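Heads up, model_18.txt below (compact mmCIF, C-alpha atoms):
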```txt
# COMPACT_ATOMS: atom_id res chain seq x y z
CA MET A 1 0.00 0.00 0.00
CA LEU A 2 2.84 2.40 0.90
CA PHE A 3 4.44 1.75 -2.49
CA GLN A 4 1.22 2.63 -4.33
CA ILE A 5 0.76 5.87 -2.35
CA LYS A 6 4.30 6.94 -3.18
CA SER A 7 3.79 5.94 -6.81
CA TYR A 8 0.53 7.90 -7.03
CA LEU A 9 2.12 11.03 -5.57
CA GLN A 10 4.85 10.80 -8.21
CA PHE A 11 2.17 10.37 -10.86
CA LEU A 12 0.31 13.49 -9.69
CA TRP A 13 3.55 15.48 -9.74
CA ASN A 14 4.36 14.46 -13.32
CA SER A 15 0.88 14.27 -14.85
CA LYS A 16 -0.67 16.78 -17.22
CA ASN A 17 -4.04 17.44 -18.83
CA GLU A 18 -4.98 18.18 -22.44
CA HIS A 19 -3.54 21.72 -22.33
CA ALA A 20 0.02 20.37 -22.15
CA VAL A 21 -0.42 17.90 -25.03
CA HIS A 22 0.82 18.87 -28.49
CA SER A 23 0.08 15.61 -30.29
CA PRO A 24 -3.18 16.05 -32.30
CA PHE A 25 -3.94 12.33 -31.95
CA VAL A 26 -3.63 12.35 -28.15
CA PHE A 27 -5.25 15.78 -27.74
CA HIS A 28 -8.31 14.63 -29.68
CA LEU A 29 -8.49 11.38 -27.67
CA LEU A 30 -8.42 13.33 -24.40
CA THR A 31 -10.94 16.01 -25.34
CA LYS A 32 -13.39 13.82 -27.27
CA CYS A 33 -13.15 10.65 -25.18
CA PHE A 34 -11.31 10.78 -21.85
CA TYR A 35 -12.86 14.10 -20.78
CA ASP A 36 -16.29 13.58 -22.34
CA ARG A 37 -18.65 14.31 -19.42
CA LYS A 38 -21.93 13.93 -21.31
CA PRO A 39 -24.27 11.28 -19.86
CA LYS A 40 -24.73 8.11 -21.90
CA PRO A 41 -27.77 5.79 -21.74
CA GLU A 42 -25.39 2.80 -21.53
CA TYR A 43 -24.08 4.04 -18.18
CA SER A 44 -27.35 3.02 -16.53
CA ILE A 45 -26.92 -0.53 -17.90
CA LEU A 46 -23.40 -0.67 -16.46
CA LYS A 47 -24.76 0.47 -13.09
CA LYS A 48 -27.53 -2.15 -13.11
CA TYR A 49 -25.00 -4.85 -14.05
CA ARG A 50 -22.85 -3.84 -11.08
CA LYS A 51 -25.81 -3.54 -8.71
CA SER A 52 -27.01 -7.07 -9.47
CA LEU A 53 -23.55 -8.43 -8.58
CA LEU A 54 -23.33 -6.36 -5.38
CA GLN A 55 -26.64 -7.92 -4.32
CA ASN A 56 -25.38 -11.48 -4.93
CA LYS A 57 -24.36 -12.86 -1.51
CA ASN A 58 -23.47 -16.34 -2.79
CA PHE A 59 -19.95 -17.74 -2.40
CA ILE A 60 -17.81 -19.37 -5.08
CA GLU A 61 -14.46 -21.15 -5.04
CA VAL A 62 -12.03 -19.09 -7.10
CA THR A 63 -9.09 -20.59 -8.99
CA ASP A 64 -6.41 -17.87 -9.11
CA PHE A 65 -3.69 -18.34 -11.75
CA GLY A 66 -2.35 -14.79 -11.48
CA ALA A 67 -0.24 -12.78 -9.05
CA GLY A 68 -2.78 -13.31 -6.27
CA SER A 69 -5.10 -10.93 -4.45
CA LYS A 70 -4.12 -8.12 -2.09
CA VAL A 71 -7.64 -8.21 -0.62
CA PHE A 72 -8.75 -11.84 -0.29
CA LYS A 73 -6.95 -14.30 1.99
CA SER A 74 -9.06 -17.29 0.91
CA ASN A 75 -10.14 -18.67 -2.46
CA THR A 76 -13.73 -19.01 -1.14
CA ARG A 77 -15.10 -15.58 -1.98
CA GLN A 78 -18.47 -13.85 -1.92
CA ILE A 79 -19.59 -12.63 -5.34
CA ALA A 80 -20.67 -9.25 -3.94
CA LYS A 81 -17.23 -8.70 -2.41
CA ILE A 82 -15.43 -9.69 -5.61
CA ALA A 83 -17.52 -7.12 -7.48
CA LYS A 84 -16.85 -4.47 -4.85
CA THR A 85 -13.10 -4.93 -4.45
CA ALA A 86 -11.70 -6.75 -7.46
CA GLY A 87 -13.87 -5.47 -10.31
CA ILE A 88 -13.35 -2.38 -12.43
CA SER A 89 -14.61 0.83 -10.76
CA PRO A 90 -17.76 2.58 -12.07
CA LYS A 91 -15.68 5.52 -13.35
CA ARG A 92 -13.24 3.22 -15.14
CA ALA A 93 -16.06 1.15 -16.66
CA GLU A 94 -17.52 4.32 -18.16
CA LEU A 95 -14.11 5.35 -19.51
CA LEU A 96 -13.59 1.90 -21.03
CA PHE A 97 -17.01 2.19 -22.67
CA ARG A 98 -16.05 5.61 -24.09
CA VAL A 99 -12.71 4.31 -25.40
CA VAL A 100 -14.47 1.52 -27.31
CA ARG A 101 -17.16 3.93 -28.54
CA TYR A 102 -14.40 6.32 -29.71
CA PHE A 103 -12.18 3.83 -31.56
CA GLN A 104 -14.98 1.48 -32.74
CA PRO A 105 -12.84 -1.68 -32.78
CA ASN A 106 -14.30 -4.64 -34.65
CA THR A 107 -12.43 -7.31 -32.69
CA ILE A 108 -11.74 -7.01 -28.96
CA LEU A 109 -9.83 -9.34 -26.64
CA GLU A 110 -10.09 -9.16 -22.87
CA ILE A 111 -7.56 -11.08 -20.78
CA GLY A 112 -9.22 -11.61 -17.40
CA THR A 113 -13.03 -11.61 -17.35
CA SER A 114 -13.60 -11.88 -13.60
CA LEU A 115 -17.34 -11.13 -13.17
CA GLY A 116 -17.66 -9.34 -16.51
CA LEU A 117 -17.88 -5.74 -15.27
CA ALA A 118 -15.31 -4.56 -17.79
CA THR A 119 -16.59 -7.04 -20.39
CA SER A 120 -20.01 -5.39 -20.36
CA ALA A 121 -18.39 -1.99 -21.00
CA LEU A 122 -16.42 -3.43 -23.93
CA ALA A 123 -19.52 -5.09 -25.37
CA LEU A 124 -21.75 -2.03 -25.02
CA GLY A 125 -19.11 0.30 -26.47
CA ASN A 126 -19.55 -1.33 -29.87
CA PRO A 127 -22.41 -3.87 -30.04
CA LYS A 128 -21.25 -4.84 -33.55
CA ALA A 129 -17.80 -5.84 -32.35
CA LYS A 130 -16.78 -9.40 -31.57
CA VAL A 131 -15.57 -9.52 -27.96
CA ILE A 132 -13.50 -12.53 -26.86
CA THR A 133 -13.00 -12.66 -23.11
CA LEU A 134 -10.68 -15.10 -21.32
CA GLU A 135 -10.98 -16.34 -17.74
CA GLY A 136 -9.00 -19.09 -16.05
CA CYS A 137 -11.53 -19.77 -13.27
CA PRO A 138 -14.62 -21.71 -14.46
CA ASN A 139 -16.76 -20.70 -11.44
CA THR A 140 -16.10 -17.00 -11.96
CA MET A 141 -16.74 -17.31 -15.69
CA ALA A 142 -20.07 -19.07 -15.05
CA ILE A 143 -21.29 -16.03 -13.09
CA ALA A 144 -19.99 -13.62 -15.74
CA LYS A 145 -21.57 -15.59 -18.58
CA ASN A 146 -25.01 -15.54 -16.94
CA GLN A 147 -24.68 -11.83 -16.20
CA LEU A 148 -23.69 -10.98 -19.77
CA GLN A 149 -26.63 -12.98 -21.13
CA ASP A 150 -29.04 -11.30 -18.69
CA PHE A 151 -27.89 -7.88 -19.89
CA ASP A 152 -28.06 -8.78 -23.60
CA CYS A 153 -24.32 -8.58 -24.24
CA ASN A 154 -24.73 -11.02 -27.07
CA ASN A 155 -21.53 -10.09 -28.90
CA VAL A 156 -19.30 -11.73 -26.27
CA GLU A 157 -17.58 -15.10 -26.66
CA SER A 158 -16.56 -16.36 -23.20
CA ILE A 159 -13.63 -18.77 -23.07
CA VAL A 160 -12.38 -20.61 -19.97
CA SER A 161 -8.67 -21.12 -20.44
CA GLU A 162 -5.29 -20.39 -18.94
CA PHE A 163 -4.20 -17.26 -20.76
CA GLN A 164 -0.80 -18.50 -21.90
CA PHE A 165 -2.33 -21.66 -23.37
CA TYR A 166 -4.96 -19.75 -25.35
CA LEU A 167 -2.57 -17.09 -26.64
CA SER A 168 0.08 -19.67 -27.59
CA ASN A 169 -2.47 -21.46 -29.77
CA LEU A 170 -3.87 -18.42 -31.54
CA LYS A 171 -3.94 -18.60 -35.32
CA GLN A 172 -2.19 -15.26 -35.43
CA GLU A 173 -1.76 -15.12 -39.18
CA THR A 174 -5.54 -14.89 -39.65
CA LEU A 175 -6.58 -12.90 -36.58
CA ASN A 176 -6.08 -9.24 -35.68
CA PHE A 177 -7.34 -7.61 -32.51
CA ASP A 178 -8.23 -3.94 -32.79
CA LEU A 179 -8.33 -3.51 -29.01
CA ILE A 180 -6.94 -5.64 -26.18
CA TYR A 181 -7.66 -5.09 -22.49
CA PHE A 182 -5.02 -6.77 -20.31
CA ASP A 183 -6.45 -7.41 -16.85
CA GLY A 184 -5.23 -10.86 -15.99
CA ASN A 185 -1.94 -11.86 -14.45
CA HIS A 186 -0.26 -8.81 -12.91
CA SER A 187 3.28 -10.15 -13.06
CA LYS A 188 6.23 -9.05 -15.18
CA LYS A 189 6.90 -12.47 -16.68
CA ALA A 190 3.29 -13.11 -17.70
CA THR A 191 2.61 -9.60 -19.03
CA LEU A 192 5.73 -9.61 -21.22
CA ALA A 193 4.87 -13.11 -22.45
CA TYR A 194 1.35 -11.98 -23.45
CA PHE A 195 2.84 -8.93 -25.15
CA ASP A 196 5.17 -11.05 -27.27
CA LEU A 197 2.48 -13.62 -28.12
CA LEU A 198 0.01 -10.94 -29.22
CA LEU A 199 2.40 -8.68 -31.11
CA PRO A 200 1.76 -10.52 -34.43
CA THR A 201 -1.97 -9.59 -34.15
CA ILE A 202 -1.47 -5.80 -34.19
CA THR A 203 -2.47 -3.40 -36.93
CA ASN A 204 -1.42 0.24 -37.22
CA ASP A 205 -4.56 1.30 -35.33
CA THR A 206 -4.51 -1.31 -32.58
CA VAL A 207 -5.14 -0.08 -29.01
CA TRP A 208 -3.78 -1.99 -26.01
CA ILE A 209 -4.80 -1.15 -22.44
CA PHE A 210 -2.80 -2.57 -19.52
CA ASP A 211 -4.47 -2.53 -16.10
CA ASP A 212 -2.61 -1.89 -12.83
CA ILE A 213 0.68 -0.67 -14.30
CA HIS A 214 1.61 0.76 -10.88
CA TRP A 215 0.35 -2.27 -8.91
CA SER A 216 3.87 -3.25 -7.81
CA PRO A 217 7.52 -2.34 -8.50
CA GLU A 218 7.58 -5.32 -10.87
CA MET A 219 4.63 -3.96 -12.90
CA GLU A 220 6.27 -0.52 -13.08
CA GLU A 221 9.39 -2.19 -14.49
CA THR A 222 7.17 -4.00 -17.00
CA TRP A 223 5.55 -0.74 -18.08
CA GLU A 224 8.99 0.81 -18.74
CA ILE A 225 9.95 -2.19 -20.90
CA LEU A 226 6.71 -1.90 -22.90
CA LYS A 227 7.23 1.83 -23.43
CA ASN A 228 10.71 1.24 -24.82
CA HIS A 229 9.74 -1.55 -27.22
CA PRO A 230 10.65 -0.50 -30.79
CA LYS A 231 7.14 -1.19 -32.15
CA VAL A 232 5.45 0.92 -29.46
CA LYS A 233 5.10 4.53 -30.62
CA VAL A 234 2.75 6.30 -28.18
CA THR A 235 1.91 5.48 -24.58
CA ILE A 236 -0.42 7.15 -22.09
CA ASP A 237 -0.03 6.51 -18.36
CA THR A 238 -3.27 7.29 -16.48
CA PHE A 239 -1.90 5.64 -13.31
CA GLN A 240 -4.49 2.84 -13.23
CA TRP A 241 -4.09 2.06 -16.92
CA GLY A 242 -1.35 2.19 -19.51
CA PHE A 243 -2.46 2.81 -23.09
CA VAL A 244 -0.21 1.55 -25.91
CA PHE A 245 -0.42 2.59 -29.57
CA PHE A 246 1.57 1.27 -32.54
CA ARG A 247 0.94 4.08 -35.04
CA ARG A 248 3.91 3.96 -37.41
CA GLU A 249 3.42 7.54 -38.58
CA GLN A 250 3.91 8.98 -35.09
CA GLU A 251 7.07 10.02 -33.31
CA LYS A 252 7.79 8.00 -30.18
CA GLU A 253 6.14 9.88 -27.31
CA HIS A 254 5.06 9.09 -23.76
CA PHE A 255 2.35 10.94 -21.85
CA ILE A 256 1.35 10.95 -18.17
CA ILE A 257 -2.26 12.09 -18.10
CA ARG A 258 -4.86 12.66 -15.39
CA ALA A 259 -7.98 10.88 -16.64
```

Whole structure given in structure tokens:
Amino acid sequence: MLFQIKSYLQFLWNSKNEHAVHSPFVFHLLTKCFYDRKPKPEYSILKKYRKSLLQNKNFIEVTDFGAGSKVFKSNTRQIAKIAKTAGISPKRAELLFRVVRYFQPNTILEIGTSLGLATSALALGNPKAKVITLEGCPNTMAIAKNQLQDFDCNNVESIVSEFQFYLSNLKQETLNFDLIYFDGNHSKKATLAYFDLLLPTITNDTVWIFDDIHWSPEMEETWEILKNHPKVKVTIDTFQWGFVFFRREQEKEHFIIRA
């Protein structure tokens, strides 16, 4: 916790808003998407999705393949508490929805479904998109799948698999992902492995979003490695998330933005 407080204070010291951004691409993204305060009808669906999970007092046995939880001490967890502590926040779900609405990706991959809070935002952002979401725990995925069906997120394909296994067996020569949301295993080794496995699927307009880039010293090291990769051209650090863009026409630039 002390590490994250220190990290956040450093972020606040270094972060800027749209007025300090000279890249037209990033400036437009901030003003038309990140800082769009207009209400959206889909926000009420996201709230209802969350509310139904917060009212679910049932317990499930969670299989955790990732870096573990800083909140839960046991793998027997109440669904309401998972939604409250481990799921994407309401503000972040709305931002994720706006990002998808802004870029209009046709193919979306989510690594780490959990209860589907972020999945619903991805699905609602572009109902015409194909959303593939991966979850290693079958019990968690069962809850998410029912939720997504109840809220008519019919463009989602839910796959129970260990992430590395699925990504290693991708037919990468025939599949491109326009947007990938990485919210699975918050470890350096796993994140860099996923990055390498998915690199063949990028296009010039691909958007990658990495969750919890300041979760630990190890994840901060990982973020620095990703930023310096030769194929990465533009990155945006919003503290919670790291955005990665591969736009060949752009100069290499890194932004720290309050979102």

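Residue nearest Lys171 of chain A within the list A:Asn154, A:Leu197, A:Ile132, A:Ala83: A:Leu197 [criterion: smallest interatomic distance, all atoms listed in the file].
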
Just give me the residues with any atom within 12 Å of (-5.2, 17.0, -22.0), file coordinates, counting all atoms listed in the file, written as a PDB file with C-alpha atoms, in the frame of the given file.
```pdb
ATOM      1  CA  SER A  15       0.880  14.270 -14.850  1.00  0.00           C
ATOM      2  CA  LYS A  16      -0.670  16.780 -17.220  1.00  0.00           C
ATOM      3  CA  ASN A  17      -4.040  17.440 -18.830  1.00  0.00           C
ATOM      4  CA  GLU A  18      -4.980  18.180 -22.440  1.00  0.00           C
ATOM      5  CA  HIS A  19      -3.540  21.720 -22.330  1.00  0.00           C
ATOM      6  CA  ALA A  20       0.020  20.370 -22.150  1.00  0.00           C
ATOM      7  CA  VAL A  21      -0.420  17.900 -25.030  1.00  0.00           C
ATOM      8  CA  HIS A  22       0.820  18.870 -28.490  1.00  0.00           C
ATOM      9  CA  SER A  23       0.080  15.610 -30.290  1.00  0.00           C
ATOM     10  CA  PRO A  24      -3.180  16.050 -32.300  1.00  0.00           C
ATOM     11  CA  PHE A  25      -3.940  12.330 -31.950  1.00  0.00           C
ATOM     12  CA  VAL A  26      -3.630  12.350 -28.150  1.00  0.00           C
ATOM     13  CA  PHE A  27      -5.250  15.780 -27.740  1.00  0.00           C
ATOM     14  CA  HIS A  28      -8.310  14.630 -29.680  1.00  0.00           C
ATOM     15  CA  LEU A  29      -8.490  11.380 -27.670  1.00  0.00           C
ATOM     16  CA  LEU A  30      -8.420  13.330 -24.400  1.00  0.00           C
ATOM     17  CA  THR A  31     -10.940  16.010 -25.340  1.00  0.00           C
ATOM     18  CA  LYS A  32     -13.390  13.820 -27.270  1.00  0.00           C
ATOM     19  CA  CYS A  33     -13.150  10.650 -25.180  1.00  0.00           C
ATOM     20  CA  PHE A  34     -11.310  10.780 -21.850  1.00  0.00           C
ATOM     21  CA  TYR A  35     -12.860  14.100 -20.780  1.00  0.00           C
ATOM     22  CA  ASP A  36     -16.290  13.580 -22.340  1.00  0.00           C
ATOM     23  CA  ILE A 236      -0.420   7.150 -22.090  1.00  0.00           C
ATOM     24  CA  THR A 238      -3.270   7.290 -16.480  1.00  0.00           C
ATOM     25  CA  PHE A 255       2.350  10.940 -21.850  1.00  0.00           C
ATOM     26  CA  ILE A 256       1.350  10.950 -18.170  1.00  0.00           C
ATOM     27  CA  ILE A 257      -2.260  12.090 -18.100  1.00  0.00           C
ATOM     28  CA  ARG A 258      -4.860  12.660 -15.390  1.00  0.00           C
ATOM     29  CA  ALA A 259      -7.980  10.880 -16.640  1.00  0.00           C
TER      30      ALA A 259
END
```

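Around Tyr181 of chain A, within 7 Å and counting all atoms listed in the file, the residues found are Leu109, Glu110, Ile111, Trp208, Ile209 and Phe210 of chain A, once anything fewer than 5 positions away on its own chain is removed.
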
Restrict the selected residues to C-alpha atoms and save them as a short mmCIF file (atom, residue, chain, number, x, y, z; two decimals), in the frame of the given file.
```cif
data_model
loop_
_atom_site.label_atom_id
_atom_site.label_comp_id
_atom_site.auth_asym_id
_atom_site.auth_seq_id
_atom_site.Cartn_x
_atom_site.Cartn_y
_atom_site.Cartn_z
CA LEU A 109 -9.83 -9.34 -26.64
CA GLU A 110 -10.09 -9.16 -22.87
CA ILE A 111 -7.56 -11.08 -20.78
CA TRP A 208 -3.78 -1.99 -26.01
CA ILE A 209 -4.80 -1.15 -22.44
CA PHE A 210 -2.80 -2.57 -19.52
#
```

Kindly indicate which residue among A:Ala129, A:Ile45, A:Met219, A:Ala144 lies nearest to Phe177 of chain A, using all atoms listed in the file for the distances. A:Ala129

Spatial neighbours of segment 198-200 of chain A, 9 Å, all atoms listed in the file, chain gap at least 5 places, as an mmCIF file with C-alpha atoms, in the frame of the given file:
```
data_model
loop_
_atom_site.group_PDB
_atom_site.id
_atom_site.type_symbol
_atom_site.label_atom_id
_atom_site.label_comp_id
_atom_site.auth_asym_id
_atom_site.auth_seq_id
_atom_site.Cartn_x
_atom_site.Cartn_y
_atom_site.Cartn_z
ATOM 1 C CA LEU A 167 -2.570 -17.090 -26.640
ATOM 2 C CA SER A 168 0.080 -19.670 -27.590
ATOM 3 C CA LEU A 170 -3.870 -18.420 -31.540
ATOM 4 C CA GLN A 172 -2.190 -15.260 -35.430
ATOM 5 C CA GLU A 173 -1.760 -15.120 -39.180
ATOM 6 C CA LEU A 175 -6.580 -12.900 -36.580
ATOM 7 C CA ASN A 176 -6.080 -9.240 -35.680
ATOM 8 C CA PHE A 177 -7.340 -7.610 -32.510
ATOM 9 C CA ALA A 193 4.870 -13.110 -22.450
ATOM 10 C CA LYS A 231 7.140 -1.190 -32.150
#
```

Contacts of Asn228 of chain A at 12 Å (only C-alpha atoms; same-chain gap of 3+ positions) as number ranges by chain: A: 221-225, 231-235, 244, 246, 252-254

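Atom pair atom CA of Asp196 of chain A / atom CA of Ala121 of chain A: separated by 26.0 Å.
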
12 Å contact set for Asn185 of chain A, all atoms listed in the file, chain neighbours under 5 positions out, as a PyMOL selection string: chain A and resi 64-69+111-114+134-136+162-164+190-194+210-213+215+219

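Relative to atom CA of Leu117 of chain A, atom CA of Leu53 of chain A is found at 9.2 Å.
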
Mind listing whatever residues come within 9 Å of the point (-18.6, -2.2, -31.1)? Use all atoms listed in the file, file coordinates, and give them as a VMD selection string. chain A and resid 100 to 101 103 to 108 122 to 131 155

Atoms to include: C-alpha atoms. Write the selected residues as an mmCIF file, in the coordinates of the input.
```
data_model
loop_
_atom_site.group_PDB
_atom_site.id
_atom_site.type_symbol
_atom_site.label_atom_id
_atom_site.label_comp_id
_atom_site.auth_asym_id
_atom_site.auth_seq_id
_atom_site.Cartn_x
_atom_site.Cartn_y
_atom_site.Cartn_z
ATOM 1 C CA VAL A 100 -14.470 1.520 -27.310
ATOM 2 C CA ARG A 101 -17.160 3.930 -28.540
ATOM 3 C CA PHE A 103 -12.180 3.830 -31.560
ATOM 4 C CA GLN A 104 -14.980 1.480 -32.740
ATOM 5 C CA PRO A 105 -12.840 -1.680 -32.780
ATOM 6 C CA ASN A 106 -14.300 -4.640 -34.650
ATOM 7 C CA THR A 107 -12.430 -7.310 -32.690
ATOM 8 C CA ILE A 108 -11.740 -7.010 -28.960
ATOM 9 C CA LEU A 122 -16.420 -3.430 -23.930
ATOM 10 C CA ALA A 123 -19.520 -5.090 -25.370
ATOM 11 C CA LEU A 124 -21.750 -2.030 -25.020
ATOM 12 C CA GLY A 125 -19.110 0.300 -26.470
ATOM 13 C CA ASN A 126 -19.550 -1.330 -29.870
ATOM 14 C CA PRO A 127 -22.410 -3.870 -30.040
ATOM 15 C CA LYS A 128 -21.250 -4.840 -33.550
ATOM 16 C CA ALA A 129 -17.800 -5.840 -32.350
ATOM 17 C CA LYS A 130 -16.780 -9.400 -31.570
ATOM 18 C CA VAL A 131 -15.570 -9.520 -27.960
ATOM 19 C CA ASN A 155 -21.530 -10.090 -28.900
#
```

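Here atom CA of Phe59 of chain A and atom CA of Arg77 of chain A stand 5.3 Å from one another.
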
Residue with the minimum atom-to-atom distance to Leu148 of chain A, picked from A:Leu9, A:Val160, A:Ala86, A:Leu46 with only C-alpha atoms counted, is A:Leu46

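For the residues A:Phe243, A:Lys81, A:His214, A:Pro230, ranking by smallest atom-to-atom distance to Lys6 of chain A using all atoms listed in the file places A:His214 first.
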
Excluding same-chain residues fewer than 6 positions from Leu115 of chain A, what lies within 8 Å of it counting only C-alpha atoms, as a ChimeraX atom specification? /A:82-83,87,140-141,143-144,147

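Comparing the minimum interatomic distances between Ile5 of chain A and each of A:Ser216, A:Asn169, A:Ser74, A:Ser161, counting all atoms listed in the file, we find that A:Ser216 sits nearest.
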